[in-house]
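Participant: One file: work25.txt (compact mmCIF, C-alpha atoms and all ligand atoms).
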# COMPACT_ATOMS: atom_id res chain seq x y z
CA MET A 834 5.85 65.05 148.68
CA LYS A 835 7.88 66.78 146.04
CA ILE A 836 9.95 69.41 147.84
CA ALA A 837 12.10 71.95 146.00
CA PHE A 838 15.15 72.96 148.04
CA ILE A 839 17.02 76.16 147.10
CA GLY A 840 20.37 76.85 148.83
CA LEU A 841 22.39 73.73 149.60
CA GLY A 842 25.26 75.27 151.55
CA ASN A 843 26.62 74.37 154.98
CA MET A 844 23.11 74.17 156.43
CA GLY A 845 20.89 73.44 153.42
CA GLY A 846 23.00 70.50 152.21
CA GLY A 847 22.33 68.39 155.31
CA MET A 848 18.73 69.57 155.61
CA ALA A 849 17.90 68.49 152.05
CA ALA A 850 19.56 65.12 152.70
CA ASN A 851 17.31 64.57 155.72
CA LEU A 852 14.21 65.27 153.61
CA VAL A 853 15.40 62.60 151.15
CA LYS A 854 15.91 60.14 154.05
CA ALA A 855 12.31 60.83 155.15
CA GLY A 856 11.12 59.60 151.75
CA HIS A 857 10.46 62.91 149.99
CA GLU A 858 11.38 63.62 146.41
CA VAL A 859 13.79 66.56 146.72
CA ALA A 860 14.41 68.83 143.71
CA ALA A 861 17.51 70.82 144.52
CA PHE A 862 19.15 73.99 143.17
CA ASP A 863 22.19 76.00 144.19
CA LEU A 864 24.50 78.36 142.30
CA SER A 865 27.51 76.34 143.48
CA GLU A 866 28.41 73.25 141.46
CA GLU A 867 30.06 71.71 144.49
CA ALA A 868 26.84 72.06 146.50
CA ILE A 869 24.84 70.56 143.62
CA ALA A 870 27.23 67.59 143.41
CA ARG A 871 26.86 66.91 147.14
CA ALA A 872 23.07 67.11 146.90
CA LYS A 873 23.12 64.59 144.05
CA GLU A 874 25.25 62.20 146.15
CA ASN A 875 22.68 62.57 148.94
CA GLY A 876 19.82 61.48 146.71
CA CYS A 877 18.35 64.80 145.56
CA SER A 878 17.48 65.36 141.92
CA THR A 879 19.31 68.47 140.77
CA PHE A 880 18.34 71.20 138.32
CA GLY A 881 20.00 74.01 136.37
CA THR A 882 17.57 76.74 137.44
CA VAL A 883 15.26 77.56 140.35
CA ARG A 884 12.27 77.58 137.97
CA GLU A 885 12.95 73.99 136.87
CA ALA A 886 13.41 72.84 140.47
CA VAL A 887 10.09 74.30 141.67
CA GLU A 888 8.06 72.86 138.78
CA GLY A 889 5.34 70.62 140.23
CA ALA A 890 6.58 71.13 143.83
CA ASP A 891 4.20 70.75 146.79
CA ALA A 892 6.59 72.78 148.97
CA VAL A 893 9.60 75.05 148.36
CA VAL A 894 12.28 75.45 151.05
CA THR A 895 14.82 78.29 150.81
CA MET A 896 18.04 78.32 152.89
CA LEU A 897 19.96 81.32 151.58
CA PRO A 898 22.55 83.81 152.85
CA ASN A 899 20.50 87.02 153.24
CA GLY A 900 17.25 88.90 152.69
CA ASN A 901 18.13 90.41 149.31
CA ILE A 902 18.90 86.98 147.88
CA VAL A 903 15.73 85.49 149.38
CA ARG A 904 13.67 88.33 147.86
CA ALA A 905 15.30 87.92 144.44
CA VAL A 906 14.86 84.12 144.36
CA LEU A 907 11.25 84.21 145.56
CA THR A 908 10.01 87.09 143.42
CA ASN A 909 11.90 86.21 140.22
CA ASP A 910 11.75 82.43 140.17
CA VAL A 911 9.44 80.90 142.77
CA ILE A 912 6.26 83.01 143.03
CA GLY A 913 4.34 82.52 139.79
CA HIS A 914 6.48 79.50 138.83
CA ALA A 915 5.84 76.98 141.63
CA PRO A 916 2.31 75.53 141.40
CA LYS A 917 -0.34 77.80 142.95
CA GLY A 918 -1.10 76.55 146.43
CA ALA A 919 2.44 75.26 147.04
CA LEU A 920 3.74 75.95 150.54
CA LEU A 921 6.79 78.23 150.75
CA LEU A 922 9.14 77.89 153.74
CA ASP A 923 12.04 80.31 154.18
CA CYS A 924 14.49 78.88 156.70
CA SER A 925 17.22 81.50 156.14
CA THR A 926 18.04 84.07 158.82
CA ILE A 927 16.88 87.40 157.37
CA ASP A 928 15.35 90.68 158.51
CA VAL A 929 11.77 90.76 159.73
CA ALA A 930 10.63 93.44 157.25
CA THR A 931 11.76 91.45 154.20
CA VAL A 932 10.16 88.21 155.33
CA ARG A 933 6.86 89.97 156.11
CA GLU A 934 6.92 91.59 152.66
CA MET A 935 7.62 88.18 151.07
CA ILE A 936 4.79 86.48 152.95
CA GLU A 937 2.42 89.26 151.85
CA THR A 938 3.53 88.97 148.22
CA ALA A 939 3.31 85.17 148.28
CA THR A 940 -0.14 85.23 149.88
CA ALA A 941 -1.43 87.73 147.30
CA ALA A 942 -0.19 85.38 144.56
CA GLY A 943 -2.03 82.35 146.01
CA TYR A 944 0.66 80.67 148.13
CA GLU A 945 0.90 80.02 151.84
CA MET A 946 4.29 80.90 153.31
CA VAL A 947 6.08 80.70 156.65
CA ASP A 948 9.34 82.08 157.99
CA ALA A 949 11.09 79.19 159.72
CA PRO A 950 14.62 80.18 160.79
CA VAL A 951 16.64 77.69 162.78
CA SER A 952 18.72 77.40 165.90
CA GLY A 953 21.53 74.86 165.76
CA GLY A 954 24.58 74.78 163.54
CA ILE A 955 25.91 72.56 160.79
CA ALA A 956 26.05 69.44 162.99
CA ALA A 957 22.37 69.87 163.93
CA ALA A 958 21.49 70.44 160.25
CA ASN A 959 23.28 67.22 159.28
CA SER A 960 21.76 65.14 162.07
CA GLY A 961 18.19 66.51 161.80
CA ASN A 962 18.31 68.24 165.16
CA LEU A 963 17.46 71.85 164.35
CA THR A 964 14.98 73.95 166.31
CA PHE A 965 12.60 75.71 163.90
CA MET A 966 10.88 78.94 165.01
CA VAL A 967 7.94 79.39 162.73
CA GLY A 968 5.96 82.50 161.82
CA GLY A 969 2.78 82.38 159.75
CA SER A 970 -0.94 81.64 159.79
CA ASP A 971 -2.39 78.65 161.63
CA SER A 972 -3.09 76.83 158.42
CA ALA A 973 0.39 77.53 156.98
CA PHE A 974 1.96 76.24 160.21
CA THR A 975 -0.14 73.06 160.11
CA ARG A 976 1.15 72.38 156.60
CA ALA A 977 4.74 73.38 157.45
CA GLU A 978 5.16 71.17 160.50
CA PRO A 979 5.40 67.78 158.70
CA VAL A 980 7.79 69.26 156.11
CA LEU A 981 10.13 70.54 158.83
CA GLN A 982 9.87 67.53 161.15
CA PRO A 983 12.51 65.31 159.44
CA MET A 984 15.05 68.13 159.89
CA ALA A 985 14.04 69.01 163.44
CA LYS A 986 14.54 68.45 167.13
CA ALA A 987 11.67 70.88 167.71
CA VAL A 988 9.22 72.83 165.54
CA ILE A 989 7.66 75.72 167.46
CA ARG A 990 5.10 78.19 166.19
CA ALA A 991 6.30 81.64 167.27
CA GLY A 992 3.28 83.56 166.00
CA GLU A 993 2.14 85.32 162.83
CA ALA A 994 4.27 86.19 159.79
CA GLY A 995 7.80 87.28 160.77
CA ALA A 996 7.54 86.04 164.37
CA GLY A 997 10.06 83.26 163.69
CA GLN A 998 12.67 85.83 162.63
CA VAL A 999 11.91 87.96 165.69
CA ALA A 1000 12.49 84.92 167.93
CA LYS A 1001 15.71 84.07 166.12
CA MET A 1002 17.27 87.54 166.38
CA CYS A 1003 16.28 87.92 170.05
CA ASN A 1004 17.66 84.45 170.88
CA ASN A 1005 20.96 85.18 169.16
CA MET A 1006 21.34 88.62 170.72
CA LEU A 1007 20.87 86.95 174.12
CA LEU A 1008 23.37 84.24 173.19
CA ALA A 1009 25.93 86.85 172.08
CA ALA A 1010 25.65 88.64 175.41
CA HIS A 1011 25.84 85.35 177.39
CA MET A 1012 28.96 84.34 175.51
CA VAL A 1013 30.75 87.65 176.07
CA GLY A 1014 29.78 87.52 179.76
CA THR A 1015 31.00 83.93 180.07
CA CYS A 1016 34.34 84.82 178.46
CA GLU A 1017 34.79 87.84 180.73
CA ALA A 1018 33.97 85.90 183.89
CA MET A 1019 36.37 83.12 182.92
CA LYS A 1020 39.14 85.61 182.20
CA LEU A 1021 38.52 87.53 185.43
CA ALA A 1022 38.63 84.28 187.44
CA GLU A 1023 41.88 83.26 185.78
CA ARG A 1024 43.54 86.69 186.28
CA ASN A 1025 42.64 86.56 189.96
CA GLY A 1026 44.20 83.19 190.57
CA LEU A 1027 41.11 80.97 190.39
CA ASP A 1028 41.51 77.81 188.31
CA PRO A 1029 39.08 78.24 185.34
CA GLN A 1030 38.01 74.57 185.66
CA LYS A 1031 37.13 75.16 189.33
CA PHE A 1032 35.22 78.31 188.37
CA TYR A 1033 33.33 76.28 185.73
CA GLU A 1034 32.43 73.63 188.34
CA ILE A 1035 31.11 76.30 190.71
CA SER A 1036 29.38 78.75 188.35
CA SER A 1037 27.78 76.05 186.17
CA LYS A 1038 25.94 74.94 189.33
CA SER A 1039 25.30 78.49 190.55
CA THR A 1040 23.28 81.43 189.25
CA GLY A 1041 25.83 82.14 186.52
CA TYR A 1042 24.82 79.02 184.61
CA CYS A 1043 23.93 79.47 180.96
CA TRP A 1044 24.37 77.49 177.75
CA SER A 1045 27.63 79.28 176.83
CA LEU A 1046 29.19 78.35 180.17
CA ASN A 1047 27.62 74.95 180.85
CA ASP A 1048 27.45 73.38 177.39
CA TYR A 1049 29.89 75.30 175.18
CA THR A 1050 32.63 76.47 177.54
CA PRO A 1051 34.75 78.92 175.50
CA VAL A 1052 38.05 78.15 177.26
CA PRO A 1053 40.37 75.47 175.83
CA ASN A 1054 40.17 72.18 177.77
CA VAL A 1055 37.92 73.61 180.46
CA GLY A 1056 34.35 72.50 181.19
CA ALA A 1057 32.18 71.19 178.35
CA ALA A 1058 33.72 70.21 175.02
CA SER A 1059 33.51 73.05 172.49
CA PRO A 1060 35.36 74.47 169.47
CA ALA A 1061 37.68 76.18 172.01
CA ASP A 1062 39.32 72.76 172.41
CA ASN A 1063 40.14 72.81 168.69
CA ASP A 1064 41.61 76.32 168.38
CA TYR A 1065 38.07 77.72 167.88
CA ASN A 1066 37.64 75.92 164.54
CA GLY A 1067 34.18 74.68 163.50
CA GLY A 1068 31.13 75.76 165.50
CA PHE A 1069 29.34 79.06 164.94
CA ALA A 1070 31.47 81.66 163.18
CA VAL A 1071 31.98 85.20 164.52
CA ALA A 1072 30.91 86.53 161.09
CA LEU A 1073 27.56 84.71 161.34
CA MET A 1074 26.97 85.96 164.88
CA LEU A 1075 27.75 89.46 163.66
CA LYS A 1076 25.24 89.08 160.83
CA ASP A 1077 22.53 88.11 163.35
CA LEU A 1078 23.49 90.93 165.73
CA ARG A 1079 23.26 93.49 162.92
CA LEU A 1080 19.74 92.25 162.11
CA ALA A 1081 18.85 92.64 165.79
CA MET A 1082 20.38 96.13 166.00
CA ALA A 1083 18.47 97.27 162.89
CA ALA A 1084 15.23 95.92 164.36
CA ALA A 1085 15.97 97.58 167.72
CA GLU A 1086 16.46 100.92 165.99
CA ALA A 1087 13.34 100.53 163.88
CA SER A 1088 11.19 99.57 166.88
CA GLY A 1089 12.73 101.95 169.42
CA ALA A 1090 13.81 99.10 171.75
CA LYS A 1091 16.79 99.94 173.96
CA VAL A 1092 19.46 97.23 173.76
CA PRO A 1093 22.68 98.58 175.32
CA LEU A 1094 24.15 95.12 175.97
CA GLY A 1095 23.25 94.00 172.47
CA GLN A 1096 24.99 97.10 171.08
CA LYS A 1097 28.10 96.42 173.15
CA ALA A 1098 28.15 92.77 172.05
CA THR A 1099 27.85 93.90 168.42
CA GLU A 1100 30.85 96.19 168.89
CA ILE A 1101 32.85 93.35 170.46
CA TYR A 1102 32.07 90.94 167.61
CA GLU A 1103 32.78 93.70 165.03
CA ASN A 1104 36.22 94.19 166.56
CA ALA A 1105 36.90 90.45 166.53
CA ASP A 1106 35.87 90.31 162.88
CA LYS A 1107 38.15 93.26 162.03
CA ALA A 1108 41.00 91.48 163.85
CA GLY A 1109 40.67 88.59 161.35
CA LEU A 1110 38.68 86.24 163.59
CA GLY A 1111 35.51 86.22 161.45
CA GLY A 1112 35.89 82.56 160.54
CA LYS A 1113 36.55 81.36 164.09
CA ASP A 1114 33.91 80.07 166.51
CA PHE A 1115 32.22 82.89 168.43
CA GLY A 1116 33.74 81.72 171.75
CA VAL A 1117 37.04 83.10 170.41
CA ILE A 1118 36.13 86.37 172.19
CA PHE A 1119 37.87 84.75 175.20
CA THR A 1120 41.23 85.14 173.43
CA THR A 1121 40.65 88.86 172.82
CA LEU A 1122 40.22 89.81 176.47
P1 LIG B 1 26.21 79.01 153.09
O1 LIG B 1 26.85 80.25 152.54
O2 LIG B 1 27.04 77.83 153.43
O3 LIG B 1 25.07 78.51 152.06
C1 LIG B 1 24.27 79.36 151.30
C2 LIG B 1 24.08 78.69 149.94
O4 LIG B 1 23.21 79.49 149.15
C3 LIG B 1 25.40 78.57 149.15
O5 LIG B 1 25.59 77.21 148.77
C4 LIG B 1 25.18 79.48 147.95
O6 LIG B 1 25.82 79.01 146.76
C5 LIG B 1 23.69 79.45 147.81
N1 LIG B 1 23.14 80.58 147.08
C6 LIG B 1 23.47 81.90 147.18
N2 LIG B 1 22.72 82.61 146.32
C7 LIG B 1 21.91 81.74 145.69
C8 LIG B 1 20.90 81.88 144.69
N3 LIG B 1 20.59 83.07 144.18
N4 LIG B 1 20.27 80.78 144.25
C9 LIG B 1 20.58 79.56 144.77
N5 LIG B 1 21.52 79.35 145.71
C10 LIG B 1 22.18 80.44 146.15
O7 LIG B 1 25.35 79.49 154.35
P2 LIG B 1 24.75 78.58 155.52
O8 LIG B 1 25.73 78.51 156.64
O9 LIG B 1 24.19 77.32 154.93
O10 LIG B 1 23.55 79.51 156.00
C11 LIG B 1 22.31 79.59 155.32
C12 LIG B 1 21.35 80.42 156.16
O11 LIG B 1 21.18 79.79 157.43
C13 LIG B 1 21.84 81.85 156.45
O12 LIG B 1 20.75 82.72 156.39
C14 LIG B 1 22.42 81.74 157.85
O13 LIG B 1 22.39 82.97 158.55
C15 LIG B 1 21.49 80.71 158.47
N6 LIG B 1 22.05 79.96 159.61
C16 LIG B 1 23.33 79.45 159.55
C17 LIG B 1 23.85 78.72 160.63
C18 LIG B 1 25.24 78.15 160.59
O14 LIG B 1 25.72 77.71 161.65
N7 LIG B 1 25.92 78.10 159.45
C19 LIG B 1 23.05 78.52 161.76
C20 LIG B 1 21.75 79.00 161.79
C21 LIG B 1 21.26 79.72 160.69
Show me this structure written as structure tokens.

Facilitator:
Amino acid sequence: MKIAFIGLGNMGGGMAANLVKAGHEVAAFDLSEEAIARAKENGCSTFGTVREAVEGADAVVTMLPNGNIVRAVLTNDVIGHAPKGALLLDCSTIDVATVREMIETATAAGYEMVDAPVSGGIAAANSGNLTFMVGGSDSAFTRAEPVLQPMAKAVIRAGEAGAGQVAKMCNNMLLAAHMVGTCEAMKLAERNGLDPQKFYEISSKSTGYCWSLNDYTPVPNVGAASPADNDYNGGFAVALMLKDLRLAMAAAEASGAKVPLGQKATEIYENADKAGLGGKDFGVIFTTL
């Protein structure tokens, strides 16, 4: 297949490289020259504009920072420029309303489109181990699955248009709350004279177990290896978690869902960001308690 790939940043760079490895012809575009140079090294053909990259494409993947950029790229340079009938896959994390609007616009213009946000960070993007949560029609999902497979550990259909983004924001709101809870429990154990490693051994085999505790322990040199062991460098940045939490809070307000823990977690990550920790892994909350 000829696949156009727009947005070759931390995530998109490795994803595009995995499509090349799977034997696809990847036509890549990014605003950053550095990203373009890396894509070229990884075997993509590179272009000076989105419109050139999508020419003759069977599928167009976007992996961009936010909803406004996705809307601008799709409406200005993809829809009406990629061949009619091409499959559009937006893998960015954006708000549900924007992706639903985009899928409606794309469908009206003769394209099938899915939202396919991912779980997993840069390492999973590089190694082809992302989990894709896909929203869209049955037929769009059937076409999307083989495109996503070379980049994936799992490709799961969440439901109709926008359902992938709903799954993503709910998952990350849950993760944010788990992580804050894990950090608090670890700190409380430590302050009350319990060795954090001992607490990890007990709670990871008790009802407190969760991914943040068992697989990503946010305390330096305790439990599972994580960015905490490297001064909270690498991993999933506080600023990115905050972005996802804000999407969840906006959706909660719009839908009337009550999310008091989600709100509290948002406040905690906002404070960490304001304290200059935006670039650190999200387990850094442990150090703020
Ligand atoms: P990034 O900032 O590293 O990459 C975004 C890329 O988009 C950049 O290279 C930028 O130059 C490019 N770009 C911006 N505007 C553009 C335009 N108009 N045309 C073409 N290219 C443009 O971000 P990232 O970490 O790769 O994240 C991408 C998406 O994936 C985001 O929506 C993010 O929320 C989501 N996500 C990130 C992670 C993570 O761990 N980094 C995990 C899951 C999901």

Participant: Using all atoms listed in the file, find each residue of chain A with at least one atom at most 6 Å away from an atom of ligand LIG 1 (chain B); report its shortest atom-to-atom pair and that distance in Å (one decimal), sort the rows by chain and rising residue number, and return the result as a Markdown table.

Facilitator:
| residue | atom | partner | partner_atom | distance |
| --- | --- | --- | --- | --- |
| A:Ile839 | CA | B:LIG1 | C9 | 5.4 |
| A:Gly840 | CA | B:LIG1 | O4 | 3.9 |
| A:Leu841 | CA | B:LIG1 | O5 | 4.8 |
| A:Gly842 | CA | B:LIG1 | O3 | 3.3 |
| A:Asn843 | CA | B:LIG1 | O2 | 3.8 |
| A:Met844 | CA | B:LIG1 | O9 | 3.7 |
| A:Gly845 | CA | B:LIG1 | O9 | 5.3 |
| A:Phe862 | CA | B:LIG1 | C9 | 6.0 |
| A:Asp863 | CA | B:LIG1 | N5 | 3.7 |
| A:Leu864 | CA | B:LIG1 | N5 | 4.6 |
| A:Ser865 | CA | B:LIG1 | O6 | 4.6 |
| A:Ala868 | CA | B:LIG1 | O5 | 5.8 |
| A:Met896 | CA | B:LIG1 | C11 | 5.1 |
| A:Leu897 | CA | B:LIG1 | O4 | 4.5 |
| A:Pro898 | CA | B:LIG1 | O12 | 4.1 |
| A:Asn899 | CA | B:LIG1 | O12 | 5.3 |
| A:Ile902 | CA | B:LIG1 | N3 | 5.6 |
| A:Val906 | CA | B:LIG1 | N3 | 5.8 |
| A:Ser925 | CA | B:LIG1 | O12 | 3.7 |
| A:Thr926 | CA | B:LIG1 | O12 | 3.9 |
| A:Val951 | CA | B:LIG1 | C20 | 5.4 |
| A:Ser952 | CA | B:LIG1 | C20 | 5.4 |
| A:Gly953 | CA | B:LIG1 | C19 | 5.6 |
| A:Gly954 | CA | B:LIG1 | O14 | 3.7 |
| A:Ile955 | CA | B:LIG1 | O14 | 5.2 |
| A:Phe1069 | CA | B:LIG1 | O14 | 5.1 |

Participant: Could you please determine the separation between atom CA of Met1006 of chain A and atom CA of Val988 of chain A in Å, to one decimal place?

Facilitator: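 For atom CA of Met1006 of chain A relative to atom CA of Val988 of chain A, the distance reads 20.6 Å.
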
Participant: Give me the residues near segment 1115-1120 of chain A as a count of residues only, where near means some atom within 8 Å (using only C-alpha atoms) and where sequence neighbours in that chain fewer than 5 positions away do not count.

Facilitator: 20

Participant: Please report the interatomic distance between atom CA of Met946 of chain A and atom CA of Ala987 of chain A in Å with one decimal.

Facilitator: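 Calculated distance between atom CA of Met946 of chain A and atom CA of Ala987 of chain A is 19.0 Å.
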
Participant: Env of segment 1075-1086 of chain A: 9 Å cut, atoms = all atoms listed in the file, seq-sep filter 2 positions within chain, self excluded. Answer as an MDAnalysis selection string.

Facilitator: chainID A and resid 926:930 999 1001:1003 1005:1006 1009 1070:1073 1088:1092 1095:1096 1098:1099 1102:1103 1106 1111

Participant: Can you tell me which residues surround Ala890 of chain A at a distance of at most 8 Å, considering only C-alpha atoms, apart from same-chain residues fewer than 5 positions away, and format the answer as a VMD selection string?

Facilitator: chain A and resid 834 to 837 915 to 916 919

Participant: Using only C-alpha atoms, please write the residues we just selected to a file, as a compact mmCIF listing (two decimals), in the frame of the given file.

Facilitator:
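After the write, part-v9.txt holds the following:
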# COMPACT_ATOMS: atom_id res chain seq x y z
CA MET A 834 5.85 65.05 148.68
CA LYS A 835 7.88 66.78 146.04
CA ILE A 836 9.95 69.41 147.84
CA ALA A 837 12.10 71.95 146.00
CA ALA A 915 5.84 76.98 141.63
CA PRO A 916 2.31 75.53 141.40
CA ALA A 919 2.44 75.26 147.04

Participant: For Gly1067 of chain A, which residue among A:Lys1107, A:Lys917, A:Lys1113, A:Arg871 is the nearest when counting all atoms listed in the file?

Facilitator: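 Between A:Lys1107, A:Lys917, A:Lys1113, A:Arg871, the residue approaching Gly1067 of chain A most closely is A:Lys1113.
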
Participant: Here is a test: counting all atoms listed in the file, which residue of A:Met848, A:Ala1058, A:Ala1000, A:Ala1018 is nearest to Leu1122 of chain A?

Facilitator: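 Among the listed residues, A:Ala1018 lies closest to Leu1122 of chain A.
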
Participant: When distances are computed from all atoms listed in the file, which of A:Gly889, A:Pro950, A:Pro1093, A:Gly918 shows the smallest separation from Leu1007 of chain A?

Facilitator: A:Pro1093

Participant: Would you please work out which residue, of A:Val883, A:Leu922, A:Val932, A:Val947, is nearest to Gly900 of chain A when using all atoms listed in the file?

Facilitator: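 Using all atoms listed in the file, Gly900 of chain A sits closest to A:Val932.
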
Participant: Have a look at atom CA of Gly846 of chain A and atom CA of Arg904 of chain A and let me know their distance in Å, one decimal.

Facilitator: 20.6 Å

Participant: (15.7, 69.3, 157.2) in this file's frame - what residues fall within 6 Å of it? Use only C-alpha atoms and give the answer as a compact mmCIF listing (two decimals) with C-alpha atoms, keeping the file's coordinate frame.

Facilitator:
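Everything below was put into out01.txt:
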# COMPACT_ATOMS: atom_id res chain seq x y z
CA MET A 848 18.73 69.57 155.61
CA ALA A 849 17.90 68.49 152.05
CA ASN A 851 17.31 64.57 155.72
CA LEU A 852 14.21 65.27 153.61
CA GLY A 961 18.19 66.51 161.80
CA LEU A 981 10.13 70.54 158.83
CA PRO A 983 12.51 65.31 159.44
CA MET A 984 15.05 68.13 159.89

Participant: Could you pull out every residue with an atom within 10 Å of (37.0, 70.0, 184.2), file coordinates, counting all atoms listed in the file, and send them as number ranges by chain?

Facilitator: A: 1028-1034, 1054-1058

Participant: Using all atoms listed in the file, which residue out of A:Ala942, A:Ala905, A:Val911, A:Ala973 lies closest to Arg884 of chain A?

Facilitator: A:Val911

Participant: Please determine, counting only C-alpha atoms, which residue among A:Lys986, A:Ala872, A:Leu1021, A:Ala1010 has the shortest atom-to-atom distance to Ser960 of chain A.

Facilitator: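 Going through A:Lys986, A:Ala872, A:Leu1021, A:Ala1010 one by one, the smallest distance to Ser960 of chain A is for A:Lys986.
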
Participant: Would you mind putting back N, CA and C atoms on segment 963-979 of chain A, then writing it out as a compact mmCIF listing (two decimals), keeping the file's coordinate frame?

Facilitator:
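Written file, rebuild-v6.txt:
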# COMPACT_ATOMS: atom_id res chain seq x y z
N LEU A 963 17.62 70.39 164.28
CA LEU A 963 17.46 71.85 164.35
C LEU A 963 16.20 72.21 165.13
N THR A 964 16.21 73.39 165.73
CA THR A 964 14.98 73.95 166.31
C THR A 964 14.45 74.98 165.32
N PHE A 965 13.22 74.77 164.84
CA PHE A 965 12.60 75.71 163.90
C PHE A 965 11.66 76.63 164.67
N MET A 966 11.77 77.95 164.41
CA MET A 966 10.88 78.94 165.01
C MET A 966 10.04 79.47 163.86
N VAL A 967 8.75 79.20 163.92
CA VAL A 967 7.94 79.39 162.73
C VAL A 967 6.96 80.55 162.88
N GLY A 968 6.93 81.41 161.86
CA GLY A 968 5.96 82.50 161.82
C GLY A 968 5.03 82.30 160.65
N GLY A 969 3.74 82.52 160.85
CA GLY A 969 2.78 82.38 159.75
C GLY A 969 1.40 82.04 160.29
N SER A 970 0.45 81.93 159.37
CA SER A 970 -0.94 81.64 159.79
C SER A 970 -1.02 80.24 160.37
N ASP A 971 -2.12 79.98 161.08
CA ASP A 971 -2.39 78.65 161.63
C ASP A 971 -2.33 77.59 160.56
N SER A 972 -2.99 77.87 159.44
CA SER A 972 -3.09 76.83 158.42
C SER A 972 -1.72 76.62 157.76
N ALA A 973 -0.95 77.70 157.57
CA ALA A 973 0.39 77.53 156.98
C ALA A 973 1.28 76.72 157.94
N PHE A 974 1.15 76.99 159.24
CA PHE A 974 1.96 76.24 160.21
C PHE A 974 1.59 74.76 160.20
N THR A 975 0.30 74.47 160.13
CA THR A 975 -0.14 73.06 160.11
C THR A 975 0.46 72.32 158.92
N ARG A 976 0.55 73.02 157.79
CA ARG A 976 1.15 72.38 156.60
C ARG A 976 2.68 72.32 156.72
N ALA A 977 3.27 73.31 157.39
CA ALA A 977 4.74 73.38 157.45
C ALA A 977 5.33 72.33 158.39
N GLU A 978 4.60 72.03 159.46
CA GLU A 978 5.16 71.17 160.50
C GLU A 978 5.68 69.82 159.96
N PRO A 979 4.88 69.07 159.19
CA PRO A 979 5.40 67.78 158.70
C PRO A 979 6.56 67.92 157.72
